[in-house]
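Chemist: Hey, dropping final-v1.txt in here, compact mmCIF, C-alpha atoms and all ligand atoms:
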# COMPACT_ATOMS: atom_id res chain seq x y z
CA MET A 1 -48.40 -9.91 12.08
CA SER A 2 -47.13 -7.85 9.16
CA THR A 3 -49.39 -7.51 6.15
CA PRO A 4 -48.13 -9.66 3.27
CA ARG A 5 -47.35 -8.00 -0.06
CA PRO A 6 -50.38 -7.85 -2.32
CA LEU A 7 -50.45 -10.21 -5.28
CA ILE A 8 -51.46 -9.05 -8.74
CA ALA A 9 -51.93 -12.07 -11.01
CA GLY A 10 -52.75 -11.96 -14.71
CA ASN A 11 -54.92 -14.76 -16.09
CA TRP A 12 -54.39 -14.90 -19.83
CA LYS A 13 -56.98 -17.70 -20.19
CA MET A 14 -56.82 -19.29 -23.68
CA ASN A 15 -55.06 -16.28 -25.19
CA GLY A 16 -51.46 -15.98 -26.25
CA LEU A 17 -49.21 -17.20 -29.04
CA ALA A 18 -45.47 -16.60 -29.00
CA ALA A 19 -45.88 -12.91 -29.85
CA ALA A 20 -47.60 -12.38 -26.49
CA LEU A 21 -44.30 -13.03 -24.73
CA ASP A 22 -43.36 -9.45 -25.60
CA GLU A 23 -46.13 -8.22 -23.28
CA ALA A 24 -44.64 -10.19 -20.37
CA ARG A 25 -41.18 -8.93 -21.28
CA ALA A 26 -42.51 -5.36 -21.20
CA VAL A 27 -43.99 -5.92 -17.73
CA ALA A 28 -40.70 -7.39 -16.51
CA ALA A 29 -38.71 -4.47 -17.93
CA ALA A 30 -41.04 -1.89 -16.36
CA LEU A 31 -40.77 -3.56 -12.96
CA GLU A 32 -37.00 -3.58 -13.31
CA GLU A 33 -37.09 0.18 -13.80
CA ARG A 34 -39.69 0.82 -11.13
CA PRO A 35 -40.05 -2.04 -8.63
CA ALA A 36 -43.64 -2.67 -7.53
CA GLY A 37 -44.92 -2.99 -3.99
CA ALA A 38 -46.95 -5.98 -5.11
CA ARG A 39 -45.86 -9.44 -6.15
CA VAL A 40 -46.68 -9.92 -9.82
CA ALA A 41 -47.61 -13.12 -11.63
CA VAL A 42 -48.52 -13.89 -15.22
CA CYS A 43 -50.46 -17.09 -15.91
CA PRO A 44 -50.26 -17.87 -19.64
CA PRO A 45 -51.64 -20.92 -21.45
CA ALA A 46 -49.65 -24.08 -20.55
CA THR A 47 -47.93 -24.04 -23.93
CA LEU A 48 -46.20 -20.75 -23.10
CA ILE A 49 -45.16 -21.40 -19.51
CA ASP A 50 -41.59 -22.49 -20.17
CA ARG A 51 -40.94 -19.79 -22.76
CA LEU A 52 -42.50 -17.12 -20.58
CA ALA A 53 -40.43 -18.28 -17.60
CA GLU A 54 -37.34 -17.96 -19.77
CA ALA A 55 -38.42 -14.56 -21.10
CA VAL A 56 -38.85 -13.07 -17.60
CA ALA A 57 -36.08 -15.02 -15.83
CA GLY A 58 -34.33 -12.92 -13.21
CA SER A 59 -37.16 -10.36 -13.15
CA ALA A 60 -39.87 -9.75 -10.56
CA VAL A 61 -42.49 -11.49 -12.71
CA LEU A 62 -43.60 -14.88 -11.42
CA VAL A 63 -45.14 -17.42 -13.76
CA GLY A 64 -48.29 -19.39 -13.02
CA GLY A 65 -50.47 -22.08 -14.54
CA GLN A 66 -54.23 -21.83 -15.00
CA ASP A 67 -55.19 -25.34 -13.89
CA CYS A 68 -53.63 -28.71 -13.09
CA ARG A 69 -54.68 -32.28 -12.55
CA ALA A 70 -54.64 -33.59 -8.97
CA GLU A 71 -52.53 -36.65 -9.85
CA ALA A 72 -48.78 -36.41 -10.47
CA ALA A 73 -48.85 -38.61 -13.61
CA GLY A 74 -51.02 -41.17 -15.37
CA ALA A 75 -53.42 -41.98 -18.18
CA PHE A 76 -55.21 -38.61 -18.28
CA THR A 77 -55.13 -37.54 -21.91
CA GLY A 78 -54.88 -33.81 -22.35
CA ASP A 79 -54.29 -32.97 -18.70
CA VAL A 80 -51.25 -31.39 -17.05
CA ALA A 81 -49.83 -32.28 -13.62
CA ALA A 82 -48.67 -29.70 -11.10
CA GLU A 83 -45.19 -31.23 -11.28
CA MET A 84 -45.13 -30.49 -15.02
CA LEU A 85 -46.10 -26.86 -14.45
CA ALA A 86 -43.41 -26.52 -11.78
CA GLU A 87 -40.76 -28.07 -14.01
CA ALA A 88 -41.76 -25.71 -16.83
CA GLY A 89 -41.11 -22.74 -14.53
CA ALA A 90 -44.45 -22.06 -12.82
CA ARG A 91 -44.46 -21.00 -9.18
CA LEU A 92 -48.21 -20.57 -8.79
CA VAL A 93 -51.37 -22.10 -10.24
CA ILE A 94 -54.93 -20.81 -10.53
CA LEU A 95 -57.41 -23.50 -9.43
CA GLY A 96 -61.19 -23.70 -9.41
CA HIS A 97 -61.74 -20.78 -11.78
CA SER A 98 -65.46 -20.39 -12.44
CA GLU A 99 -64.88 -21.14 -16.13
CA ARG A 100 -63.60 -24.56 -15.04
CA ARG A 101 -66.22 -25.08 -12.36
CA ALA A 102 -69.01 -24.27 -14.85
CA GLY A 103 -67.49 -25.66 -18.04
CA TYR A 104 -65.82 -28.82 -16.72
CA GLY A 105 -67.99 -29.66 -13.74
CA GLU A 106 -65.24 -29.04 -11.20
CA THR A 107 -66.72 -29.47 -7.73
CA ASP A 108 -65.22 -28.16 -4.49
CA ALA A 109 -63.85 -31.68 -3.84
CA VAL A 110 -62.14 -31.75 -7.25
CA VAL A 111 -60.66 -28.31 -6.63
CA ALA A 112 -59.44 -29.34 -3.15
CA ALA A 113 -57.69 -32.40 -4.65
CA LYS A 114 -56.02 -30.17 -7.24
CA VAL A 115 -54.88 -27.82 -4.47
CA GLU A 116 -53.24 -30.80 -2.74
CA GLY A 117 -51.55 -31.68 -6.03
CA ALA A 118 -50.26 -28.12 -6.37
CA LEU A 119 -48.86 -28.15 -2.82
CA ARG A 120 -47.19 -31.51 -3.46
CA ALA A 121 -45.38 -29.94 -6.43
CA GLY A 122 -44.42 -26.84 -4.45
CA LEU A 123 -46.80 -24.49 -6.29
CA GLU A 124 -48.69 -21.67 -4.59
CA PRO A 125 -52.40 -22.18 -5.33
CA ILE A 126 -54.75 -19.31 -6.13
CA ILE A 127 -58.14 -20.80 -5.26
CA CYS A 128 -61.07 -19.14 -7.02
CA VAL A 129 -64.55 -18.78 -5.56
CA GLY A 130 -67.54 -16.66 -6.49
CA GLU A 131 -71.30 -16.55 -6.74
CA THR A 132 -73.47 -16.40 -9.87
CA LEU A 133 -75.81 -13.48 -10.50
CA ALA A 134 -78.82 -15.64 -9.57
CA GLU A 135 -77.17 -16.57 -6.27
CA ARG A 136 -76.40 -12.92 -5.48
CA GLN A 137 -79.92 -11.83 -6.38
CA ALA A 138 -81.28 -14.55 -4.09
CA GLY A 139 -79.22 -13.07 -1.23
CA ARG A 140 -76.97 -16.14 -1.11
CA ALA A 141 -73.57 -14.67 -2.09
CA LEU A 142 -71.95 -14.99 1.33
CA GLU A 143 -73.32 -18.46 1.91
CA VAL A 144 -72.15 -19.71 -1.51
CA VAL A 145 -68.69 -18.17 -1.33
CA THR A 146 -67.90 -19.26 2.22
CA ALA A 147 -69.08 -22.80 1.42
CA GLN A 148 -66.78 -22.85 -1.62
CA VAL A 149 -63.85 -21.74 0.54
CA ARG A 150 -64.56 -24.45 3.09
CA GLY A 151 -64.92 -27.11 0.41
CA SER A 152 -62.04 -26.10 -1.85
CA ALA A 153 -59.36 -25.33 0.73
CA PRO A 154 -57.91 -28.56 2.15
CA ALA A 155 -56.32 -28.82 5.61
CA ALA A 156 -52.93 -29.26 3.89
CA LEU A 157 -52.88 -25.49 3.26
CA ALA A 158 -52.01 -24.79 6.91
CA GLY A 159 -48.59 -23.20 7.02
CA ARG A 160 -48.36 -22.94 3.22
CA ASP A 161 -48.45 -19.98 0.85
CA PHE A 162 -51.77 -19.64 -0.94
CA ALA A 163 -54.30 -17.05 -2.04
CA ILE A 164 -58.07 -17.01 -2.40
CA ALA A 165 -59.52 -15.12 -5.37
CA TYR A 166 -63.07 -13.85 -4.96
CA GLU A 167 -64.46 -13.58 -8.47
CA PRO A 168 -68.20 -13.00 -8.78
CA VAL A 169 -69.12 -15.01 -11.89
CA TRP A 170 -71.27 -12.15 -13.19
CA ALA A 171 -68.35 -9.70 -12.98
CA ILE A 172 -65.94 -11.79 -15.07
CA GLY A 173 -65.40 -10.35 -18.53
CA SER A 174 -68.63 -8.35 -18.23
CA GLY A 175 -67.36 -4.89 -17.31
CA LEU A 176 -69.60 -5.07 -14.23
CA THR A 177 -68.12 -4.95 -10.74
CA PRO A 178 -69.71 -5.22 -7.32
CA SER A 179 -69.79 -2.12 -5.15
CA ILE A 180 -66.87 -1.65 -2.79
CA GLU A 181 -69.25 -2.46 0.08
CA GLN A 182 -70.21 -5.75 -1.58
CA ILE A 183 -66.56 -6.64 -2.17
CA GLU A 184 -65.64 -5.83 1.42
CA GLU A 185 -68.56 -7.81 2.81
CA VAL A 186 -67.42 -10.95 0.99
CA HIS A 187 -63.72 -10.47 1.69
CA VAL A 188 -64.34 -9.96 5.41
CA ALA A 189 -66.45 -13.13 5.49
CA VAL A 190 -63.77 -15.11 3.63
CA ARG A 191 -61.12 -13.82 6.04
CA ALA A 192 -63.15 -15.04 8.99
CA VAL A 193 -63.45 -18.52 7.46
CA LEU A 194 -59.72 -18.64 6.66
CA VAL A 195 -58.77 -17.64 10.21
CA GLU A 196 -61.14 -20.26 11.60
CA MET A 197 -59.71 -22.94 9.29
CA PHE A 198 -56.01 -22.09 9.26
CA GLY A 199 -55.27 -19.74 12.16
CA ALA A 200 -52.21 -17.56 11.49
CA THR A 201 -51.85 -18.82 7.91
CA GLY A 202 -55.47 -17.91 7.27
CA ALA A 203 -54.93 -14.43 8.71
CA ALA A 204 -52.00 -13.76 6.38
CA SER A 205 -53.08 -15.29 3.05
CA PRO A 206 -54.02 -12.66 0.48
CA ILE A 207 -57.64 -12.53 -0.66
CA LEU A 208 -57.65 -11.28 -4.24
CA TYR A 209 -60.57 -9.68 -6.01
CA GLY A 210 -61.20 -10.65 -9.64
CA GLY A 211 -63.76 -9.69 -12.24
CA SER A 212 -63.44 -6.72 -14.64
CA VAL A 213 -60.47 -5.17 -12.83
CA LYS A 214 -59.21 -2.35 -15.05
CA PRO A 215 -56.70 0.49 -14.76
CA THR A 216 -59.66 2.78 -14.05
CA ASN A 217 -61.08 0.88 -11.05
CA ALA A 218 -57.98 -0.88 -9.68
CA ALA A 219 -56.95 1.71 -7.09
CA GLU A 220 -60.38 1.85 -5.47
CA ILE A 221 -60.81 -1.93 -5.42
CA LEU A 222 -57.28 -2.59 -4.18
CA SER A 223 -57.67 -0.19 -1.28
CA ALA A 224 -60.83 -1.90 -0.06
CA ARG A 225 -60.81 -3.74 3.26
CA GLU A 226 -59.29 -7.24 3.13
CA VAL A 227 -58.49 -6.96 -0.58
CA GLY A 228 -54.94 -8.26 -0.89
CA GLY A 229 -54.52 -8.08 -4.63
CA ALA A 230 -56.29 -8.86 -7.88
CA LEU A 231 -56.75 -11.64 -10.39
CA VAL A 232 -56.93 -9.88 -13.73
CA GLY A 233 -58.19 -11.41 -16.97
CA GLY A 234 -58.70 -9.22 -20.03
CA ALA A 235 -56.66 -6.30 -18.69
CA SER A 236 -53.61 -8.52 -18.13
CA LEU A 237 -53.13 -9.26 -21.83
CA LYS A 238 -51.48 -5.94 -22.62
CA ALA A 239 -48.62 -4.53 -20.55
CA ALA A 240 -50.07 -1.04 -21.02
CA ASP A 241 -53.23 -2.11 -19.15
CA PHE A 242 -51.64 -4.50 -16.66
CA LEU A 243 -48.89 -2.15 -15.44
CA PRO A 244 -51.19 0.59 -14.09
CA ILE A 245 -53.09 -2.10 -12.15
CA ILE A 246 -49.80 -3.34 -10.66
CA VAL A 247 -48.81 0.20 -9.74
CA ALA A 248 -52.20 0.77 -8.06
CA ALA A 249 -51.58 -2.05 -5.55
P1 LIG A 301 -61.69 -10.38 -16.30
O1 LIG A 301 -61.40 -11.90 -15.84
O2 LIG A 301 -60.66 -9.52 -15.60
O3 LIG A 301 -61.49 -10.40 -17.79
O4 LIG A 301 -63.07 -10.06 -15.88
C1 LIG A 301 -61.01 -12.21 -14.52
C2 LIG A 301 -60.84 -13.70 -14.37
O5 LIG A 301 -61.64 -14.46 -14.92
O6 LIG A 301 -59.91 -14.16 -13.69
Translate the structure of the given file into structure tokens.
Modeler:
Amino acid sequence: MSTPRPLIAGNWKMNGLAAALDEARAVAAALEERPAGARVAVCPPATLIDRLAEAVAGSAVLVGGQDCRAEAAGAFTGDVAAEMLAEAGARLVILGHSERRAGYGETDAVVAAKVEGALRAGLEPIICVGETLAERQAGRALEVVTAQVRGSAPAALAGRDFAIAYEPVWAIGSGLTPSIEQIEEVHVAVRAVLVEMFGATGAASPILYGGSVKPTNAAEILSAREVGGALVGGASLKAADFLPIIVAA
């Protein structure tokens, strides 16, 4: 089976007013000039999805959401359905980010239901998993991460496009990263679970690394075993930081 193209996805989190569209435009223009080997996605706040999709239309930049509700519609004040993201121009959606698991009590079952919602709407889910520092220090990183994959990845993913993002909670926004050996150990374990669960689909789905990916460490991380791309937070906000990470893939 051929190796799928890596995926470099930018997670803007709750950052970005209209002026930030210029950063996405700059990424799109640079990729036009020098096409990347990787697929590239930008996941802005929901309020910017349709404008960002318009700003990068016809370019190599894909647009993604950062979360969605499992249901397609209903009395869920403040929430956004996958269908709404898709209609606004999103092709992907980040689900189960640790900031949502920790801050909004999202369990594996909740994340799995959201993944089904994303698939129903034709979105490619990026399913986030990752251990806390306490869990790593207790020697439980592999156990925690593989359990999250099993619990958050529903059977409906078989035959569909999706990615897993391994994001150690303690590496997010901290400037700390695991060693390459630690990253590879987790990615190899996640790959084994995906193959067991989904066969050929599980063998081909990219496993992204996320957590303090920067222009300075991207090449080393992206060349590690079973690392099929990156989910980038802070360094995705500026084209000048995001582009060298894309080029490193
Ligand atoms: P960071 O965030 O790159 O700023 O560490 C990554 C993420 O939370 O997806």
Chemist: Could the residues that lie within 9 Å of ligand LIG 301 (chain A), counting only C-alpha atoms and all ligand atoms, be listed as JSON, numbers by chain?
Modeler: {"A": [9, 10, 11, 12, 13, 94, 97, 98, 99, 128, 165, 167, 169, 170, 171, 172, 173, 174, 175, 176, 177, 209, 210, 211, 212, 213, 214, 230, 231, 232, 233, 234, 235, 236]}
Chemist: Kindly indicate which residue among A:Ala153, A:Val186, A:Leu123, A:Val27 lies nearest to Pro168 of chain A, using all atoms listed in the file for the distances.
Modeler: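 When distances to Pro168 of chain A are compared using all atoms listed in the file, the smallest one comes from A:Val186.
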Chemist: Can you work out which one of A:Pro154, A:Pro178, A:Gly96, A:Pro6 has the shortest atom-to-atom distance to Leu194 of chain A, counting all atoms listed in the file?
Modeler: A:Pro154
Chemist: Box time for segment 29-32 of chain A: axis-aligned, enclosing all its listed atoms, 4 Å extra on each side; report centre and edge lengths in Å to one decimal, as JSON.
Modeler:
{"center_x": -39.0, "center_y": -3.2, "center_z": -15.4, "size_x": 12.0, "size_y": 10.6, "size_z": 13.0}
Chemist: Which residue, A:Pro4, A:Gly117, A:Gly105, A:Gly228, has the smallest gap to Arg69 of chain A when you use only C-alpha atoms?
Modeler: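 Counting only C-alpha atoms, the residue closest to Arg69 of chain A is A:Gly117.
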Chemist: So, with only C-alpha atoms as the atoms that count, which of A:Val190, A:Leu157, A:Ala138, A:Ala18 lies closest to Ile49 of chain A?
Modeler: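 Among the listed residues, the smallest separation from Ile49 of chain A belongs to A:Ala18.
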